[in-house]
>>> print(open('entry_22.cif').read())   # mmCIF, C-alpha atoms
data_entry
#
loop_
_atom_site.label_atom_id
_atom_site.label_comp_id
_atom_site.auth_asym_id
_atom_site.auth_seq_id
_atom_site.Cartn_x
_atom_site.Cartn_y
_atom_site.Cartn_z
CA MET T 1 -6.47 -36.72 72.85
CA ASN T 2 -8.14 -33.45 71.88
CA ILE T 3 -6.52 -33.02 68.48
CA ILE T 4 -8.21 -32.33 65.14
CA GLU T 5 -6.22 -32.44 61.89
CA GLU T 6 -7.80 -31.32 58.62
CA ARG T 7 -5.73 -31.66 55.48
CA ALA T 8 -8.06 -30.33 52.79
CA GLU T 9 -5.24 -30.22 50.24
CA LYS T 10 -1.59 -31.18 50.14
CA ASN T 11 0.54 -28.25 51.25
CA PRO T 12 4.10 -28.23 49.82
CA TRP T 13 5.09 -25.19 51.88
CA PHE T 14 4.89 -26.70 55.36
CA GLU T 15 5.51 -29.88 57.31
CA ILE T 16 3.38 -30.07 60.46
CA GLY T 17 3.38 -32.26 63.56
CA VAL T 18 1.28 -32.22 66.73
CA SER T 19 1.51 -33.87 70.15
CA SER T 20 -0.56 -33.61 73.33
CA ILE T 21 -0.24 -35.37 76.70
CA LEU T 22 -2.22 -35.42 79.92
CA GLY T 23 0.86 -35.03 82.06
CA THR T 24 0.00 -36.00 85.63
CA ARG T 25 -3.54 -34.66 85.34
CA SER T 26 -6.55 -36.98 85.19
CA TYR T 27 -8.27 -34.99 82.44
CA GLN T 28 -7.30 -33.10 79.28
CA GLN T 29 -8.10 -29.38 79.04
CA ASP T 30 -5.89 -28.57 76.04
CA PHE T 31 -7.33 -28.62 72.52
CA ALA T 32 -5.32 -28.44 69.29
CA TYR T 33 -6.34 -28.02 65.66
CA PHE T 34 -4.72 -27.44 62.32
CA TYR T 35 -5.98 -27.03 58.78
CA THR T 36 -3.94 -27.15 55.58
CA GLY T 37 -4.91 -25.93 52.13
CA SER T 38 -2.69 -25.84 49.07
CA GLN T 39 -0.93 -22.66 50.23
CA GLU T 40 -2.27 -21.88 53.70
CA VAL T 41 -2.20 -23.25 57.22
CA LEU T 42 -4.29 -22.42 60.28
CA ALA T 43 -3.05 -23.80 63.60
CA ILE T 44 -4.73 -23.29 67.00
CA VAL T 45 -3.85 -24.29 70.57
CA CYS T 46 -6.19 -23.55 73.47
CA ASP T 47 -5.39 -24.36 77.12
CA GLY T 48 -8.59 -24.59 79.13
CA MET T 49 -9.18 -23.60 82.76
CA GLY T 50 -11.93 -24.76 85.07
CA GLY T 51 -11.54 -28.52 85.40
CA LEU T 52 -12.96 -31.34 83.31
CA GLN T 53 -16.29 -29.63 82.65
CA GLY T 54 -15.14 -26.03 82.35
CA GLY T 55 -11.68 -26.19 80.83
CA GLU T 56 -12.24 -28.95 78.32
CA ARG T 57 -15.50 -27.53 77.02
CA ALA T 58 -14.06 -24.01 76.90
CA SER T 59 -11.03 -24.98 74.82
CA GLN T 60 -13.04 -27.23 72.50
CA THR T 61 -15.73 -24.59 71.97
CA ALA T 62 -13.17 -21.91 71.15
CA VAL T 63 -11.19 -24.05 68.71
CA GLN T 64 -14.21 -25.38 66.87
CA LEU T 65 -15.74 -21.91 66.49
CA MET T 66 -12.61 -20.43 64.92
CA ALA T 67 -12.17 -23.45 62.65
CA GLN T 68 -15.78 -23.24 61.44
CA ASP T 69 -15.64 -19.50 60.85
CA PHE T 70 -12.34 -19.77 59.00
CA LYS T 71 -13.61 -22.41 56.59
CA ARG T 72 -16.90 -20.58 56.05
CA GLU T 73 -15.32 -17.19 55.30
CA LYS T 74 -12.46 -18.36 53.07
CA PRO T 75 -10.89 -16.62 51.20
CA ILE T 76 -10.25 -14.02 53.90
CA SER T 77 -8.99 -10.68 52.59
CA ASN T 78 -7.96 -9.16 55.95
CA ILE T 79 -6.38 -11.82 58.16
CA PRO T 80 -5.49 -9.59 61.17
CA ALA T 81 -9.06 -8.25 61.33
CA PHE T 82 -10.43 -11.79 61.13
CA LEU T 83 -8.16 -13.00 63.94
CA HIS T 84 -9.09 -10.07 66.19
CA GLN T 85 -12.79 -10.54 65.47
CA GLU T 86 -12.58 -14.26 66.20
CA ALA T 87 -10.97 -13.69 69.59
CA GLY T 88 -14.01 -11.63 70.58
CA ARG T 89 -16.46 -14.20 69.21
CA MET T 90 -14.68 -17.04 70.98
CA ASP T 91 -14.66 -15.08 74.24
CA LYS T 92 -18.43 -14.58 74.10
CA ALA T 93 -19.07 -18.22 73.11
CA VAL T 94 -17.03 -19.55 76.03
CA ALA T 95 -18.64 -17.10 78.47
CA ALA T 96 -22.09 -18.30 77.35
CA LEU T 97 -21.45 -21.98 78.14
CA LYS T 98 -23.72 -23.59 80.74
CA ASN T 99 -23.19 -26.57 83.03
CA ASP T 100 -25.56 -29.53 83.46
CA GLN T 101 -27.67 -27.49 85.88
CA GLY T 102 -28.04 -24.64 83.40
CA LYS T 103 -25.76 -22.32 85.36
CA PRO T 104 -22.75 -20.48 83.89
CA LEU T 105 -19.94 -22.95 83.33
CA GLU T 106 -17.29 -20.50 84.57
CA GLY T 107 -14.65 -22.02 82.34
CA GLY T 108 -12.02 -20.22 80.36
CA THR T 109 -9.20 -20.85 77.95
CA THR T 110 -6.06 -19.29 76.54
CA LEU T 111 -5.60 -18.93 72.79
CA VAL T 112 -2.72 -18.94 70.36
CA ALA T 113 -3.47 -19.25 66.65
CA VAL T 114 -1.15 -18.89 63.66
CA TYR T 115 -2.19 -18.36 60.04
CA CYS T 116 0.38 -18.78 57.27
CA ASN T 117 -0.05 -18.25 53.55
CA LYS T 118 3.12 -19.32 51.77
CA ASN T 119 5.85 -17.37 53.57
CA GLN T 120 3.61 -14.88 55.41
CA MET T 121 2.76 -15.53 59.06
CA TYR T 122 0.10 -13.82 61.18
CA TRP T 123 -0.99 -14.71 64.71
CA VAL T 124 -3.37 -13.92 67.55
CA SER T 125 -2.80 -14.47 71.27
CA VAL T 126 -4.90 -14.25 74.44
CA GLY T 127 -3.57 -15.55 77.78
CA ASP T 128 -0.23 -17.24 78.41
CA SER T 129 0.19 -19.95 75.77
CA ARG T 130 3.17 -19.26 73.52
CA ILE T 131 4.21 -18.93 69.90
CA TYR T 132 7.90 -19.58 69.27
CA LEU T 133 9.88 -18.86 66.11
CA ILE T 134 13.02 -20.96 65.66
CA ARG T 135 15.38 -19.51 63.06
CA GLY T 136 19.08 -19.96 62.45
CA GLY T 137 19.52 -22.10 65.55
CA LYS T 138 17.91 -19.49 67.83
CA ILE T 139 14.47 -19.35 69.45
CA SER T 140 12.33 -16.30 70.22
CA SER T 141 8.88 -15.90 71.73
CA GLU T 142 6.59 -13.99 69.37
CA ASN T 143 3.86 -13.09 71.85
CA ARG T 144 3.42 -11.72 75.37
CA GLU T 145 1.95 -13.50 78.40
CA HIS T 146 -1.18 -11.69 79.52
CA ASN T 147 -0.66 -11.97 83.26
CA TYR T 148 -0.29 -9.77 86.34
CA ARG T 149 3.45 -9.47 85.64
CA LEU T 150 2.66 -7.76 82.33
CA MET T 151 0.33 -5.35 84.13
CA LEU T 152 3.08 -4.57 86.63
CA LYS T 153 5.59 -3.88 83.83
CA GLU T 154 3.18 -1.48 82.15
CA GLN T 155 2.40 0.29 85.43
CA LEU T 156 6.10 0.63 86.20
CA ALA T 157 6.81 2.05 82.74
CA ALA T 158 3.96 4.55 83.20
CA GLY T 159 5.29 5.63 86.61
CA LYS T 160 2.22 4.37 88.44
CA ILE T 161 4.14 2.08 90.79
CA SER T 162 7.62 2.14 92.31
CA ARG T 163 10.50 -0.13 91.32
CA GLU T 164 10.45 -1.53 94.86
CA PHE T 165 6.76 -2.48 94.60
CA TYR T 166 7.30 -4.01 91.15
CA GLU T 167 10.20 -6.18 92.28
CA LYS T 168 8.29 -7.37 95.34
CA GLU T 169 5.10 -8.26 93.44
CA GLU T 170 6.91 -9.73 90.43
CA LYS T 171 8.40 -12.46 92.62
CA THR T 172 5.05 -13.67 93.98
CA PRO T 173 3.04 -16.59 92.51
CA GLN T 174 0.29 -14.06 91.79
CA ALA T 175 2.49 -12.58 89.05
CA GLU T 176 1.46 -15.44 86.75
CA ALA T 177 -2.28 -14.93 87.27
CA LEU T 178 -4.00 -14.25 83.94
CA ILE T 179 -5.47 -10.83 83.28
CA SER T 180 -6.98 -11.83 79.89
CA PHE T 181 -8.43 -15.11 78.65
CA LEU T 182 -11.35 -16.35 76.55
CA GLY T 183 -14.49 -16.57 78.67
CA MET T 184 -14.22 -13.22 80.46
CA ASN T 185 -17.05 -11.82 78.30
CA GLY T 186 -14.98 -8.77 77.50
CA LEU T 187 -11.31 -9.32 76.72
CA LYS T 188 -8.87 -6.97 78.42
CA VAL T 189 -5.90 -7.78 76.17
CA VAL T 190 -5.73 -9.27 72.67
CA ASP T 191 -2.49 -9.29 70.68
CA VAL T 192 -2.61 -9.65 66.89
CA LYS T 193 0.31 -9.64 64.43
CA LYS T 194 -0.94 -6.97 62.04
CA THR T 195 1.95 -7.08 59.56
CA PRO T 196 3.15 -10.51 58.49
CA THR T 197 6.40 -12.08 59.57
CA LEU T 198 8.19 -13.22 56.41
CA LEU T 199 9.38 -16.78 56.91
CA HIS T 200 12.76 -18.10 55.78
CA LYS T 201 13.34 -21.61 54.51
CA GLY T 202 13.91 -23.90 57.49
CA ASP T 203 12.07 -21.69 60.00
CA MET T 204 10.04 -23.58 62.60
CA ILE T 205 6.97 -22.22 64.37
CA MET T 206 5.82 -23.78 67.64
CA LEU T 207 2.47 -23.19 69.31
CA CYS T 208 2.39 -24.59 72.84
CA SER T 209 0.50 -24.53 76.11
CA ASP T 210 2.32 -23.49 79.29
CA GLY T 211 3.11 -27.12 80.12
CA VAL T 212 6.08 -26.73 77.74
CA TYR T 213 7.78 -23.56 78.91
CA LYS T 214 7.08 -24.11 82.62
CA SER T 215 9.00 -27.40 82.39
CA LEU T 216 11.68 -26.61 79.79
CA ASN T 217 13.78 -23.54 79.15
CA GLU T 218 13.96 -22.01 75.68
CA SER T 219 17.36 -23.59 74.94
CA GLN T 220 15.93 -27.06 75.64
CA VAL T 221 12.87 -26.41 73.47
CA CYS T 222 15.03 -25.14 70.63
CA ALA T 223 17.47 -28.05 70.85
CA MET T 224 14.66 -30.63 70.88
CA ALA T 225 13.09 -29.13 67.75
CA LEU T 226 16.37 -28.83 65.86
CA ASP T 227 17.61 -32.30 66.83
CA ASN T 228 14.44 -33.87 65.41
CA ASP T 229 13.69 -31.53 62.51
CA LEU T 230 13.40 -34.28 59.91
CA ASP T 231 9.97 -35.24 61.28
CA MET T 232 7.69 -32.71 62.95
CA TYR T 233 5.58 -35.40 64.67
CA ILE T 234 8.67 -36.93 66.26
CA ALA T 235 9.93 -33.47 67.27
CA ALA T 236 6.56 -32.59 68.82
CA ASP T 237 6.29 -35.95 70.62
CA ARG T 238 9.79 -35.68 72.05
CA THR T 239 9.13 -32.14 73.25
CA THR T 240 6.04 -33.18 75.22
CA ALA T 241 7.85 -36.29 76.52
CA MET T 242 10.77 -34.15 77.68
CA ALA T 243 8.39 -31.73 79.40
CA LEU T 244 6.82 -34.67 81.25
CA ARG T 245 10.24 -35.92 82.30
CA TYR T 246 11.49 -32.58 83.60
CA GLY T 247 8.26 -31.16 85.04
CA GLN T 248 9.08 -30.15 88.61
CA ARG T 249 5.81 -30.18 90.56
CA GLY T 250 3.58 -32.46 88.55
CA GLN T 251 3.11 -31.97 84.85
CA ASP T 252 0.21 -29.97 83.42
CA ASN T 253 -1.52 -30.95 80.17
CA THR T 254 1.06 -30.20 77.48
CA THR T 255 0.34 -29.56 73.80
CA VAL T 256 2.62 -28.69 70.88
CA ILE T 257 1.95 -27.90 67.23
CA LEU T 258 5.22 -27.65 65.30
CA MET T 259 5.39 -26.31 61.74
CA LYS T 260 8.47 -26.21 59.50
CA TYR T 261 8.52 -23.83 56.55
CA LEU T 262 9.96 -25.68 53.56
CA GLY T 263 10.15 -22.76 51.14
CA GLU T 264 9.10 -22.85 47.50
#
>>> encode(input="entry_22.cif", output="structure tokens")
Amino acid sequence: MNIIEERAEKNPWFEIGVSSILGTRSYQQDFAYFYTGSQEVLAIVCDGMGGLQGGERASQTAVQLMAQDFKREKPISNIPAFLHQEAGRMDKAVAALKNDQGKPLEGGTTLVAVYCNKNQMYWVSVGDSRIYLIRGGKISSENREHNYRLMLKEQLAAGKISREFYEKEEKTPQAEALISFLGMNGLKVVDVKKTPTLLHKGDMIMLCSDGVYKSLNESQVCAMALDNDLDMYIAADRTTAMALRYGQRGQDNTTVILMKYLGE
């Protein structure tokens, strides 16, 4: 599976687990990575698009670039600026990929990445992969999905379209079409957490590709994490296994990184 784990130093602040499955696909387009230092964690999940050649190379290229830049530039004084800058660099790197015939690869990938230093959490998001925060038995999505539905919501709020048009379009399959992803060579939407979320002891952070939330509702995701919170690898494995079991129309590649904040 496309998973890289780098534990440079033991980190007493976090327990981390990762799981990735093919689903019913014949190839893996997801790529996952995490790095731990003595106080910090960087976790990345990218969900590629464009088949075996395009999607897999796009997600791998994006993840490896951010990982390399992060390790080279440490210590990083301005994390939000770094995350925003990296999204642009990753976008250009993916857009520049060529196929075996030297033509544009035309692959793309989503991005969610979380950086934590002790109890401070920052993140960056492009596309429709998700970052969940599980706290006090409840789950919330930290980021937006950059799809046509989001564009419709913004146009409705700005008075550019009618409620009738919004409700009609929002119900179509086209509503889930991405409007921003790495590989566009000019990102339309990038979301960055500019002020840190302060973590509480016992908080869990989940990064996941859409294979999770398109198969399981948030209550199921939350229950699976909480029921298995003594071991993050087991919790991650059981989440992907449950997604495979309940996937309705064939299961997409599904990847989970699960981090539990242990406190001081």
>>> closest_residue(input="entry_22.cif", among="T:Lys168, T:His146, T:His200, T:Lys194", to="T:Phe82", atoms="only C-alpha atoms")
T:Lys194
>>> atom_distance(input="entry_22.cif", atom1="atom CA of T:Thr254", atom2="atom CA of T:Ile21")
5.4 Å
>>> resolve_selection(input="entry_22.cif", expression="the PyMOL selection byres ((chain T and resi 60) around 10)", output="compact mmCIF listing (two decimals) with C-alpha atoms, keeping the file's coordinate frame")
# COMPACT_ATOMS: atom_id res chain seq x y z
CA ASN T 2 -8.14 -33.45 71.88
CA ILE T 3 -6.52 -33.02 68.48
CA GLN T 29 -8.10 -29.38 79.04
CA ASP T 30 -5.89 -28.57 76.04
CA PHE T 31 -7.33 -28.62 72.52
CA ALA T 32 -5.32 -28.44 69.29
CA TYR T 33 -6.34 -28.02 65.66
CA VAL T 45 -3.85 -24.29 70.57
CA CYS T 46 -6.19 -23.55 73.47
CA ASP T 47 -5.39 -24.36 77.12
CA GLY T 48 -8.59 -24.59 79.13
CA GLY T 55 -11.68 -26.19 80.83
CA GLU T 56 -12.24 -28.95 78.32
CA ARG T 57 -15.50 -27.53 77.02
CA ALA T 58 -14.06 -24.01 76.90
CA SER T 59 -11.03 -24.98 74.82
CA THR T 61 -15.73 -24.59 71.97
CA ALA T 62 -13.17 -21.91 71.15
CA VAL T 63 -11.19 -24.05 68.71
CA GLN T 64 -14.21 -25.38 66.87
CA LEU T 65 -15.74 -21.91 66.49
CA VAL T 94 -17.03 -19.55 76.03
CA THR T 109 -9.20 -20.85 77.95
>>> closest_atom_pairs(input="entry_22.cif", of="stretch 186-238 of chain T", to="stretch 129-135 of chain T", cutoff="12 Å", atoms="only C-alpha atoms", output="CSV")
residue,atom,partner,partner_atom,distance
T:Asp191,CA,T:Ile131,CA,11.8
T:Val192,CA,T:Ile131,CA,11.9
T:Lys193,CA,T:Ile131,CA,11.5
T:Thr197,CA,T:Leu133,CA,10.0
T:Leu198,CA,T:Leu133,CA,11.3
T:Leu199,CA,T:Arg135,CA,9.0
T:His200,CA,T:Arg135,CA,7.9
T:Lys201,CA,T:Arg135,CA,9.0
T:Gly202,CA,T:Arg135,CA,7.2
T:Asp203,CA,T:Arg135,CA,5.0
T:Met204,CA,T:Ile134,CA,5.0
T:Ile205,CA,T:Leu133,CA,4.8
T:Met206,CA,T:Tyr132,CA,5.0
T:Leu207,CA,T:Ile131,CA,4.6
T:Cys208,CA,T:Arg130,CA,5.4
T:Ser209,CA,T:Ser129,CA,4.6
T:Asp210,CA,T:Ser129,CA,5.4
T:Gly211,CA,T:Ser129,CA,8.9
T:Val212,CA,T:Arg130,CA,9.1
T:Tyr213,CA,T:Arg130,CA,8.3
T:Lys214,CA,T:Ser129,CA,10.6
T:Glu218,CA,T:Tyr132,CA,9.1
T:Ser219,CA,T:Ile134,CA,10.6
T:Val221,CA,T:Tyr132,CA,9.4
T:Cys222,CA,T:Ile134,CA,6.8
T:Ala223,CA,T:Ile134,CA,9.8
T:Met224,CA,T:Ile134,CA,11.1
T:Ala225,CA,T:Ile134,CA,8.4
T:Leu226,CA,T:Ile134,CA,8.6
T:Asp229,CA,T:Ile134,CA,11.0
>>> residues_around(input="entry_22.cif", residues="T:Tyr35", least_positions_apart="5", cutoff="8 Å", atoms="only C-alpha atoms", output="PyMOL selection string")
chain T and resi 5-8+41-43
>>> write_last_selection(input="entry_22.cif", atoms="C-alpha atoms", output="mmCIF file, keeping the file's coordinate frame")
data_model
loop_
_atom_site.group_PDB
_atom_site.id
_atom_site.type_symbol
_atom_site.label_atom_id
_atom_site.label_comp_id
_atom_site.auth_asym_id
_atom_site.auth_seq_id
_atom_site.Cartn_x
_atom_site.Cartn_y
_atom_site.Cartn_z
ATOM 1 C CA GLU T 5 -6.220 -32.440 61.890
ATOM 2 C CA GLU T 6 -7.800 -31.320 58.620
ATOM 3 C CA ARG T 7 -5.730 -31.660 55.480
ATOM 4 C CA ALA T 8 -8.060 -30.330 52.790
ATOM 5 C CA VAL T 41 -2.200 -23.250 57.220
ATOM 6 C CA LEU T 42 -4.290 -22.420 60.280
ATOM 7 C CA ALA T 43 -3.050 -23.800 63.600
#
>>> atom_distance(input="entry_22.cif", atom1="atom CA of T:Gly54", atom2="atom CA of T:Ser180")
16.6 Å
>>> closest_residue(input="entry_22.cif", among="T:Phe14, T:Val256, T:Lys92, T:Thr172", to="T:Met242", atoms="all atoms listed in the file")
T:Val256
>>> atom_distance(input="entry_22.cif", atom1="atom CA of T:Val126", atom2="atom CA of T:Gln85")
12.5 Å
>>> closest_residue(input="entry_22.cif", among="T:Tyr148, T:Tyr233, T:Phe181, T:Gly186", to="T:Tyr166", atoms="all atoms listed in the file")
T:Tyr148
>>> closest_residue(input="entry_22.cif", among="T:Glu106, T:Glu170, T:Glu40, T:Asp91", to="T:Lys74", atoms="all atoms listed in the file")
T:Glu40
>>> residues_around(input="entry_22.cif", residues="T:Lys153", least_positions_apart="3", cutoff="10 Å", atoms="all atoms listed in the file", output="list in words")
Tyr148, Arg149, Leu150, Leu156, Ala157, Ala158, Gly159, Ile161, Arg163, Tyr166, Glu167 and Glu170 of chain T
>>> resolve_selection(input="entry_22.cif", expression="the PyMOL selection byres ((chain T and resi 236) around 8)", output="PyMOL selection string")
chain T and resi 17-19+225+232-235+237-240+256-258
>>> closest_residue(input="entry_22.cif", among="T:Ser125, T:Thr36, T:Thr110, T:Ser20", to="T:Ala241", atoms="only C-alpha atoms")
T:Ser20
>>> closest_residue(input="entry_22.cif", among="T:Asn99, T:Asn117, T:Asn143, T:Ser38", to="T:Ser77", atoms="all atoms listed in the file")
T:Asn117
>>> residues_around(input="entry_22.cif", residues="T:Tyr122", least_positions_apart="2", cutoff="6 Å", atoms="all atoms listed in the file", output="MDAnalysis selection string")
chainID T and resid 114:115 193 196
>>> build_atoms(input="entry_22.cif", residues="stretch 117-128 of chain T", atoms="all heavy atoms", output="short mmCIF file (atom, residue, chain, number, x, y, z; two decimals), in the coordinates of the input")
data_model
loop_
_atom_site.label_atom_id
_atom_site.label_comp_id
_atom_site.auth_asym_id
_atom_site.auth_seq_id
_atom_site.Cartn_x
_atom_site.Cartn_y
_atom_site.Cartn_z
N ASN T 117 0.22 -18.08 54.98
CA ASN T 117 -0.05 -18.25 53.55
C ASN T 117 1.29 -18.13 52.84
O ASN T 117 1.88 -17.05 52.81
CB ASN T 117 -1.02 -17.19 53.06
CG ASN T 117 -1.54 -17.49 51.67
OD1 ASN T 117 -0.78 -17.81 50.77
ND2 ASN T 117 -2.85 -17.40 51.49
N LYS T 118 1.76 -19.25 52.31
CA LYS T 118 3.12 -19.32 51.77
C LYS T 118 4.08 -18.86 52.84
O LYS T 118 4.17 -19.46 53.90
CB LYS T 118 3.22 -18.53 50.47
CG LYS T 118 2.34 -19.06 49.34
CD LYS T 118 2.54 -18.27 48.06
CE LYS T 118 1.68 -18.81 46.93
NZ LYS T 118 1.84 -18.01 45.69
N ASN T 119 4.82 -17.77 52.60
CA ASN T 119 5.85 -17.37 53.57
C ASN T 119 5.40 -16.26 54.51
O ASN T 119 6.23 -15.70 55.24
CB ASN T 119 7.12 -16.93 52.82
CG ASN T 119 6.94 -15.58 52.11
OD1 ASN T 119 5.84 -15.25 51.67
ND2 ASN T 119 8.01 -14.82 51.99
N GLN T 120 4.11 -15.94 54.54
CA GLN T 120 3.61 -14.88 55.41
C GLN T 120 2.92 -15.47 56.63
O GLN T 120 2.03 -16.31 56.49
CB GLN T 120 2.65 -13.97 54.65
CG GLN T 120 3.30 -13.21 53.51
CD GLN T 120 2.39 -12.15 52.93
OE1 GLN T 120 1.18 -12.15 53.16
NE2 GLN T 120 2.96 -11.21 52.19
N MET T 121 3.32 -15.01 57.82
CA MET T 121 2.76 -15.53 59.06
C MET T 121 2.10 -14.42 59.87
O MET T 121 2.69 -13.38 60.13
CB MET T 121 3.85 -16.18 59.92
CG MET T 121 3.33 -16.71 61.26
SD MET T 121 4.62 -17.46 62.30
CE MET T 121 5.47 -16.00 62.91
N TYR T 122 0.84 -14.67 60.26
CA TYR T 122 0.10 -13.82 61.18
C TYR T 122 -0.26 -14.65 62.42
O TYR T 122 -0.32 -15.87 62.35
CB TYR T 122 -1.20 -13.31 60.55
CG TYR T 122 -1.04 -12.46 59.31
CD1 TYR T 122 -0.99 -13.04 58.04
CD2 TYR T 122 -0.97 -11.08 59.40
CE1 TYR T 122 -0.88 -12.27 56.90
CE2 TYR T 122 -0.86 -10.29 58.26
CZ TYR T 122 -0.81 -10.89 57.02
OH TYR T 122 -0.69 -10.12 55.90
N TRP T 123 -0.56 -13.97 63.53
CA TRP T 123 -0.99 -14.71 64.71
C TRP T 123 -1.88 -13.86 65.60
O TRP T 123 -1.91 -12.64 65.49
CB TRP T 123 0.20 -15.26 65.50
CG TRP T 123 1.28 -14.27 65.89
CD1 TRP T 123 2.50 -14.11 65.29
CD2 TRP T 123 1.24 -13.33 66.98
NE1 TRP T 123 3.21 -13.13 65.93
CE2 TRP T 123 2.48 -12.64 66.96
CE3 TRP T 123 0.31 -13.00 67.95
CZ2 TRP T 123 2.79 -11.65 67.89
CZ3 TRP T 123 0.61 -12.01 68.88
CH2 TRP T 123 1.84 -11.35 68.84
N VAL T 124 -2.58 -14.56 66.51
CA VAL T 124 -3.37 -13.92 67.55
C VAL T 124 -3.09 -14.64 68.86
O VAL T 124 -2.86 -15.85 68.88
CB VAL T 124 -4.89 -13.94 67.22
CG1 VAL T 124 -5.41 -15.36 67.08
CG2 VAL T 124 -5.69 -13.18 68.27
N SER T 125 -3.12 -13.89 69.97
CA SER T 125 -2.80 -14.47 71.27
C SER T 125 -3.66 -13.84 72.36
O SER T 125 -3.82 -12.61 72.39
CB SER T 125 -1.31 -14.24 71.58
OG SER T 125 -1.00 -14.59 72.91
N VAL T 126 -4.19 -14.69 73.23
CA VAL T 126 -4.90 -14.25 74.44
C VAL T 126 -4.49 -15.21 75.56
O VAL T 126 -4.64 -16.42 75.42
CB VAL T 126 -6.43 -14.27 74.28
CG1 VAL T 126 -7.11 -13.82 75.58
CG2 VAL T 126 -6.89 -13.42 73.11
N GLY T 127 -3.96 -14.67 76.66
CA GLY T 127 -3.57 -15.55 77.78
C GLY T 127 -2.07 -15.78 77.80
O GLY T 127 -1.29 -14.90 77.44
N ASP T 128 -1.67 -17.00 78.22
CA ASP T 128 -0.23 -17.24 78.41
C ASP T 128 0.30 -18.45 77.65
O ASP T 128 1.40 -18.94 77.97
CB ASP T 128 0.10 -17.37 79.90
CG ASP T 128 -0.56 -18.58 80.55
OD1 ASP T 128 -1.37 -19.27 79.89
OD2 ASP T 128 -0.26 -18.84 81.74
#
